[in-house]
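J.: Please see the structure below; I have some questions.
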Amino acid sequence: MSYSTAIVVGASSGIGENLVCQLAESGCKVAAVARRKELLDALVAEFPGKVLAYPHDVTNFDEVPKLFAKITQELGGLDLIIYAAGVMPAVAETEFNFEKDREMVDVNVLGAIAWLNQAATRFENTQSGTIVGIGSVAGDRGRQGQPVYNTTKAALATYMEALRNRLAKKGVKVVTIKPGPTETPMTANLKGKMMKADTAAKLILEKSNKTGEHYLKPVHWLIFLIIRNIPSPVFRKLKV
Amino acid sequence: MSATIISPERMTRLTGFGMLSAGDGYLFRPISVEDVQDVIRAASDAGFKITQRGSGRSYGDANVGHETVILDMTRMKRILHWDRHTGVLECEAGATIETLWRFAIEEGYWPPVVSGTMYPTLGGALAMNIHGKNNFCQGTLGEHVLEIEVVDAQGAVFNLTPKDELFYAVISGAGLMGVVTKVKLQMKKIHSGDLKVFARSIPNLEAQFEAFEQFEHEADYMVSWIDCFPGGKQTGRGLFHAAWYADGPISTLRPEHQDLPDTVLGLLPKSVVWRALKIFSTRFGMRSINTAKFYASKYLGNEATHTQSLVAFSFLLDYVPNWRWAYKPCGFIQYQSFVPKEHAPLVFQKQLELQQAAEIESYLGVMKRHRPDKFLLSHAVDGYSLALDFKVTEDTKQKVWDLAHRMNDIVLDAGGRFYLAKDSTLRPSDVKRYLGENALRKFAKFRDEMDPNKIFTSSLAERTGLADPQSLLANS
């Protein structure tokens, strides 16, 4: 899929960073949005003229309308927006920490809504464009280990589905991606076999062409089909 | 008007009439001069440029802008003053040619110059300084304007008349000098709503020029259709029309006498005709239609005069609503060049041969006679124009553009010019060459005065370099 102009929110590391690189390599002009300016500057230096840096904290919701208009003006249009920002602080098994929970809701859900509402309004009017939200397989069930992270990813998936239902008849593609465990700074404290971030980014761009909800691997689709259908009384006894 | 917020709610995608150029912009539709000033202020404050748009009838990208504010003037369409004794009409610039003729015809007045469609706004028509089938004797629309009201990029409002040099830059200036908000126009006195129309079947290009020369001192209107498919001795064959204003009866001055029929050929409802045309929108289909039209004109009504209403003769393009959709899913360009009379026969011959050799023949060819005018970005010459409609698909786009660039070179070598209302393919070097350095220097000077921060723009202006004429002059 070839795009001319794109915004990647959450672009400084992990999947977002790889998305920026791959889009820029394909010739797309990319606005990289993230908090850490020095990391964005490195991307700009790597892809001069192709990557534009916009330092921004996604929890500063009020900044979004003006910044969105500025970015689309400076890009000269907008074909694609990807919301890849996300946080998953380590949470102990018995921990209930509102500060951590609120940060996840702010970044993973409200930030997405603030940015993607802007894109949805624009694309609805221009009857074009692609919106991609990076969800997670973690949103498929409420699990013991990450109650609020699961909640935010479930909320994002539901929001994306609603956008899809609103915008499908307007010619706008709305794509939810549910990666499995991926090697990123966010998952540095997790164990187990994970997908490389560049591989995930490549698959996301491939799947961005098809409106709908996508897992990155067929095996993930099968496993989570099963997991979603495990009855709650059984699920709560499982160590997952 | 709430023009202070540049928000995605205002975002819209607009295309040029040929459907190939598209741009997303923030749409504002002012209803007053104060609204226009508000929009200019809001755009300036937010660091946005402004693209002006009327009815969107320019074929290429003159009415399209990328990530700009779109100033759509179609709501400013009131008739402000009418003098039935002198035929002087004052209106807002969003009024269309249709508004004008419907308003004035019952009192025996007709717009002095009209395009092939009645839908352009007056503001758009003056930005492009349109011509009609009477260009050879009546000049361009701008030559009939008595006064205009203009808002510049600082929001200042002032009036211009033909005594002002700037008048000749704003009219023809492609919307880059300011916003024309009011127009005072001298309408043409007529005594009938009908024309006497003479038709002649034309066997080749040489005969086309002979027909124009024969009638140029007596006709009120002249136009010729060209079948662009046949080569050899039949290159340039077609159907020539000359027309004269008729006398009476007075009932022909009623708008209902002018209304176009609801069906085509008395059979097909107009609304479905574009679908029928789409079936024929192939080389074979269009070759067949052109051939059928040629032979029909050869054996029916040849060398005869008939009566036709002004609307029916003038607005041929409005017979079939949405006819351009026949070119979907992509679109089309109209390539029109204006060539001095001494070179036109050879240039048009070469153009017709080139498009045949490239196997992308124009589906419709139209030839007209012109005279020069003193507007700054004028397209007219003492000569002829040939307009060619080329269907464009994803596969043929490069080929069409290559063809256009080759034809541009031939036109420029012959001292020819181009018409921004139609253009899709001109390069900055072409524009510099056909306008000449003197005209460009003047244009740059006026632009600096009217719009020093270069707020007014369009995709056409950016593509051709007219958005920044100083840079265009500096780059050789």
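Starting from 1 in every chain, residues are counted up; chains themselves are A, B, ... following the order of the structure tokens, and ligands are numbered from 1 as listed.
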Any chance you could list, as a list in words, the residues in stretch 104-146 of chain A that come up alpha helix (DSSP H) when DSSP is run on the backbone?
T.: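 Filtering stretch 104-146 of chain A to alpha helix (DSSP H) leaves Met104, Gly111, Ala112, Ile113, Ala114, Trp115, Leu116, Asn117, Gln118, Ala119, Ala120, Thr121, Arg122, Phe123, Glu124, Asn125 and Thr126 of chain A.
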J.: Dump C-alpha atoms for the selected residues as a CSV table (one decimal), in the first residue's frame?
T.:
```csv
chain,number,residue,atom,x,y,z
A,104,MET,CA,-3.0,4.3,30.7
A,111,GLY,CA,-5.2,10.4,23.4
A,112,ALA,CA,-6.4,8.1,20.6
A,113,ILE,CA,-9.8,9.7,20.7
A,114,ALA,CA,-8.4,13.2,20.7
A,115,TRP,CA,-6.3,12.5,17.6
A,116,LEU,CA,-8.5,10.1,15.7
A,117,ASN,CA,-11.6,12.3,16.1
A,118,GLN,CA,-9.8,15.0,14.2
A,119,ALA,CA,-8.9,12.6,11.5
A,120,ALA,CA,-12.3,11.1,11.4
A,121,THR,CA,-13.9,14.5,10.9
A,122,ARG,CA,-11.5,15.4,8.2
A,123,PHE,CA,-11.8,12.1,6.3
A,124,GLU,CA,-15.6,12.0,6.6
A,125,ASN,CA,-15.6,15.3,4.8
A,126,THR,CA,-13.1,14.4,2.2
```
J.: Return as a tab-separated table the residues of chain B lying at most 10 Å from chain A, together with the closest atom-to-atom pair for each and the distance in Å to one decimal, counting only C-alpha atoms, with rows in chain order and ascending residue number.
T.:
```
residue	atom	partner	partner_atom	distance
B:Ile5	CA	A:Lys66	CA	9.3
B:Ile6	CA	A:Ala69	CA	7.2
B:Ser7	CA	A:Ala69	CA	7.0
B:Pro8	CA	A:Arg122	CA	4.7
B:Glu9	CA	A:Thr121	CA	6.0
B:Arg10	CA	A:Asn125	CA	7.9
B:Met11	CA	A:Arg122	CA	5.7
B:Thr12	CA	A:Thr126	CA	4.9
B:Arg13	CA	A:Thr126	CA	4.7
B:Leu14	CA	A:Thr126	CA	8.3
B:Gly23	CA	A:Gly77	CA	8.1
B:Asp24	CA	A:Thr126	CA	6.8
B:Gly25	CA	A:Gly77	CA	8.9
B:Tyr26	CA	A:Arg122	CA	9.7
B:Ala46	CA	A:Lys70	CA	8.9
B:Gly47	CA	A:Lys70	CA	8.9
B:Phe48	CA	A:Gln73	CA	7.9
B:Lys49	CA	A:Gln73	CA	9.8
B:Gly65	CA	A:Gly76	CA	9.7
B:His66	CA	A:Gly76	CA	6.0
B:Glu67	CA	A:Gln73	CA	5.2
B:Thr68	CA	A:Gln73	CA	7.6
```
J.: I'd like the contact shell of stretch 220-235 of chain A - 8 Å cut-off, only C-alpha atoms, skipping same-chain residues fewer than 2 positions apart - returned as a VMD selection string.
T.: chain A and resid 137 140 to 141 180 215 to 218 237 to 238
J.: I need the chosen residues saved as an mmCIF file, in the first residue's frame, with all heavy atoms.
T.:
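The new file again02.cif reads:
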```cif
data_model
loop_
_atom_site.group_PDB
_atom_site.id
_atom_site.type_symbol
_atom_site.label_atom_id
_atom_site.label_comp_id
_atom_site.auth_asym_id
_atom_site.auth_seq_id
_atom_site.Cartn_x
_atom_site.Cartn_y
_atom_site.Cartn_z
ATOM 1 N N VAL A 137 -3.905 -7.728 21.520
ATOM 2 C CA VAL A 137 -4.642 -8.947 21.897
ATOM 3 C C VAL A 137 -5.027 -8.886 23.374
ATOM 4 O O VAL A 137 -5.962 -9.570 23.809
ATOM 5 C CB VAL A 137 -3.805 -10.217 21.617
ATOM 6 C CG1 VAL A 137 -3.575 -10.402 20.133
ATOM 7 C CG2 VAL A 137 -2.474 -10.168 22.373
ATOM 8 N N ASP A 140 -8.678 -8.401 24.441
ATOM 9 C CA ASP A 140 -9.725 -9.385 24.148
ATOM 10 C C ASP A 140 -10.389 -9.943 25.401
ATOM 11 O O ASP A 140 -11.530 -10.413 25.351
ATOM 12 C CB ASP A 140 -9.143 -10.538 23.321
ATOM 13 C CG ASP A 140 -9.031 -10.150 21.851
ATOM 14 O OD1 ASP A 140 -9.285 -8.970 21.538
ATOM 15 O OD2 ASP A 140 -8.692 -11.013 21.027
ATOM 16 N N ARG A 141 -9.659 -9.969 26.517
ATOM 17 C CA ARG A 141 -10.240 -10.443 27.778
ATOM 18 C C ARG A 141 -9.705 -9.596 28.937
ATOM 19 O O ARG A 141 -8.603 -9.048 28.845
ATOM 20 C CB ARG A 141 -9.856 -11.915 28.071
ATOM 21 C CG ARG A 141 -10.445 -12.971 27.168
ATOM 22 C CD ARG A 141 -11.951 -13.009 27.131
ATOM 23 N NE ARG A 141 -12.654 -13.376 28.329
ATOM 24 C CZ ARG A 141 -13.299 -14.526 28.518
ATOM 25 N NH1 ARG A 141 -13.272 -15.463 27.583
ATOM 26 N NH2 ARG A 141 -13.974 -14.764 29.621
ATOM 27 N N GLY A 180 0.245 -9.181 18.815
ATOM 28 C CA GLY A 180 0.554 -9.983 19.996
ATOM 29 C C GLY A 180 1.765 -9.372 20.671
ATOM 30 O O GLY A 180 2.166 -8.243 20.339
ATOM 31 N N TYR A 215 -5.533 -9.380 13.422
ATOM 32 C CA TYR A 215 -4.394 -9.884 14.190
ATOM 33 C C TYR A 215 -3.233 -9.960 13.217
ATOM 34 O O TYR A 215 -3.434 -10.047 11.998
ATOM 35 C CB TYR A 215 -4.706 -11.272 14.753
ATOM 36 C CG TYR A 215 -5.820 -11.249 15.786
ATOM 37 C CD1 TYR A 215 -7.152 -11.340 15.401
ATOM 38 C CD2 TYR A 215 -5.523 -11.123 17.135
ATOM 39 C CE1 TYR A 215 -8.170 -11.296 16.324
ATOM 40 C CE2 TYR A 215 -6.544 -11.085 18.079
ATOM 41 C CZ TYR A 215 -7.862 -11.171 17.668
ATOM 42 O OH TYR A 215 -8.862 -11.127 18.589
ATOM 43 N N LEU A 216 -2.015 -9.939 13.751
ATOM 44 C CA LEU A 216 -0.881 -9.911 12.832
ATOM 45 C C LEU A 216 -0.502 -11.299 12.337
ATOM 46 O O LEU A 216 0.165 -11.431 11.318
ATOM 47 C CB LEU A 216 0.322 -9.227 13.492
ATOM 48 C CG LEU A 216 0.166 -7.711 13.694
ATOM 49 C CD1 LEU A 216 1.450 -7.097 14.216
ATOM 50 C CD2 LEU A 216 -0.257 -7.008 12.409
ATOM 51 N N LYS A 217 -0.898 -12.337 13.095
ATOM 52 C CA LYS A 217 -0.581 -13.692 12.651
ATOM 53 C C LYS A 217 -1.849 -14.528 12.694
ATOM 54 O O LYS A 217 -2.647 -14.380 13.639
ATOM 55 C CB LYS A 217 0.438 -14.338 13.610
ATOM 56 C CG LYS A 217 1.851 -13.863 13.449
ATOM 57 C CD LYS A 217 2.711 -14.633 14.430
ATOM 58 C CE LYS A 217 4.176 -14.472 14.161
ATOM 59 N NZ LYS A 217 4.952 -15.222 15.166
ATOM 60 N N PRO A 218 -2.026 -15.425 11.751
ATOM 61 C CA PRO A 218 -3.219 -16.287 11.778
ATOM 62 C C PRO A 218 -3.336 -17.071 13.079
ATOM 63 O O PRO A 218 -4.433 -17.258 13.603
ATOM 64 C CB PRO A 218 -3.002 -17.225 10.588
ATOM 65 C CG PRO A 218 -2.057 -16.507 9.693
ATOM 66 C CD PRO A 218 -1.201 -15.659 10.573
ATOM 67 N N LYS A 237 -10.247 -19.092 36.460
ATOM 68 C CA LYS A 237 -9.402 -20.077 37.144
ATOM 69 C C LYS A 237 -8.083 -20.298 36.411
ATOM 70 O O LYS A 237 -7.190 -20.971 36.913
ATOM 71 C CB LYS A 237 -10.162 -21.405 37.246
ATOM 72 C CG LYS A 237 -11.301 -21.321 38.260
ATOM 73 C CD LYS A 237 -12.095 -22.589 38.293
ATOM 74 C CE LYS A 237 -13.282 -22.386 39.240
ATOM 75 N NZ LYS A 237 -14.374 -23.294 38.982
ATOM 76 N N LEU A 238 -7.980 -19.724 35.224
ATOM 77 C CA LEU A 238 -6.757 -19.933 34.443
ATOM 78 C C LEU A 238 -5.709 -18.888 34.803
ATOM 79 O O LEU A 238 -6.032 -17.758 35.137
ATOM 80 C CB LEU A 238 -7.072 -19.828 32.943
ATOM 81 C CG LEU A 238 -8.081 -20.840 32.395
ATOM 82 C CD1 LEU A 238 -8.360 -20.551 30.924
ATOM 83 C CD2 LEU A 238 -7.556 -22.267 32.558
#
```
J.: Could you check the closest approach to B:Ile250 for each of B:Ala404, B:Ile190, B:Ala125, B:Leu426 and tell me which residue wins, using only C-alpha atoms?
T.: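 Counting only C-alpha atoms, the residue closest to B:Ile250 is B:Ile190.
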J.: Return the single residue from B:Leu185, B:Val381, B:Val411, B:Ala127 that is closest to B:Gly87, with distances computed using only C-alpha atoms.
T.: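 Closest residue, counting only C-alpha atoms: B:Leu185.
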J.: Per DSSP on the backbone, what are the strand (DSSP E or B) residues of stretch 67-156 of chain B, as a ChimeraX atom specification?
T.: /B:68-72,79-83,88-92,96,109-110,121,145-151
J.: Just to be explicit: take each residue in the selection above, keep N, CA and C atoms, and write the result as a CSV table (one decimal), in the first residue's frame.
T.:
```
chain,number,residue,atom,x,y,z
B,68,THR,N,-5.5,24.6,1.9
B,68,THR,CA,-5.7,26.0,1.9
B,68,THR,C,-7.1,26.3,2.4
B,69,VAL,N,-7.4,27.5,2.7
B,69,VAL,CA,-8.8,27.9,2.9
B,69,VAL,C,-9.4,28.1,1.5
B,70,ILE,N,-10.6,27.5,1.4
B,70,ILE,CA,-11.3,27.6,0.1
B,70,ILE,C,-12.4,28.7,0.2
B,71,LEU,N,-12.2,29.8,-0.5
B,71,LEU,CA,-13.1,30.9,-0.5
B,71,LEU,C,-14.1,30.7,-1.6
B,72,ASP,N,-15.3,30.1,-1.3
B,72,ASP,CA,-16.3,29.8,-2.3
B,72,ASP,C,-17.3,30.9,-2.3
B,79,ILE,N,-28.2,40.4,-7.5
B,79,ILE,CA,-28.2,41.5,-8.4
B,79,ILE,C,-28.4,42.7,-7.6
B,80,LEU,N,-27.5,43.7,-7.7
B,80,LEU,CA,-27.6,44.9,-6.8
B,80,LEU,C,-28.2,46.1,-7.5
B,81,HIS,N,-28.0,46.2,-8.8
B,81,HIS,CA,-28.6,47.4,-9.5
B,81,HIS,C,-28.8,47.0,-10.9
B,82,TRP,N,-29.9,47.5,-11.5
B,82,TRP,CA,-30.1,47.2,-12.9
B,82,TRP,C,-30.7,48.5,-13.6
B,83,ASP,N,-30.1,48.9,-14.6
B,83,ASP,CA,-30.6,50.1,-15.4
B,83,ASP,C,-31.1,49.5,-16.7
B,88,VAL,N,-26.9,48.6,-18.0
B,88,VAL,CA,-25.8,48.4,-17.0
B,88,VAL,C,-26.3,47.6,-15.8
B,89,LEU,N,-25.6,46.6,-15.5
B,89,LEU,CA,-26.0,45.7,-14.4
B,89,LEU,C,-24.9,45.6,-13.4
B,90,GLU,N,-25.3,45.7,-12.1
B,90,GLU,CA,-24.3,45.6,-11.0
B,90,GLU,C,-24.7,44.4,-10.2
B,91,CYS,N,-23.8,43.5,-9.9
B,91,CYS,CA,-24.1,42.3,-9.1
B,91,CYS,C,-22.9,41.9,-8.3
B,92,GLU,N,-23.2,40.9,-7.3
B,92,GLU,CA,-22.1,40.3,-6.6
B,92,GLU,C,-21.4,39.3,-7.5
B,96,THR,N,-24.0,33.9,-11.4
B,96,THR,CA,-23.6,33.1,-12.5
B,96,THR,C,-24.0,33.8,-13.8
B,109,TYR,N,-31.8,42.2,-23.0
B,109,TYR,CA,-30.4,42.2,-22.8
B,109,TYR,C,-29.8,40.8,-22.6
B,110,TRP,N,-28.6,40.7,-23.0
B,110,TRP,CA,-27.9,39.4,-22.9
B,110,TRP,C,-26.4,39.6,-22.5
B,121,THR,N,-19.4,31.5,-12.3
B,121,THR,CA,-19.7,32.7,-11.6
B,121,THR,C,-19.0,33.8,-12.3
B,145,VAL,N,-16.6,45.1,-18.8
B,145,VAL,CA,-16.8,45.4,-17.4
B,145,VAL,C,-16.5,46.9,-17.2
B,146,LEU,N,-17.4,47.6,-16.5
B,146,LEU,CA,-17.3,49.0,-16.2
B,146,LEU,C,-16.6,49.3,-14.9
B,147,GLU,N,-16.7,48.4,-14.0
B,147,GLU,CA,-16.2,48.6,-12.6
B,147,GLU,C,-16.2,47.3,-11.8
B,148,ILE,N,-15.2,47.1,-11.0
B,148,ILE,CA,-15.2,46.0,-10.1
B,148,ILE,C,-14.8,46.5,-8.7
B,149,GLU,N,-15.4,45.7,-7.7
B,149,GLU,CA,-14.9,46.0,-6.3
B,149,GLU,C,-14.0,44.8,-5.9
B,150,VAL,N,-12.9,45.1,-5.3
B,150,VAL,CA,-11.9,44.1,-5.0
B,150,VAL,C,-11.5,44.2,-3.5
B,151,VAL,N,-11.3,43.1,-2.9
B,151,VAL,CA,-10.8,43.0,-1.6
B,151,VAL,C,-9.4,42.5,-1.7
```
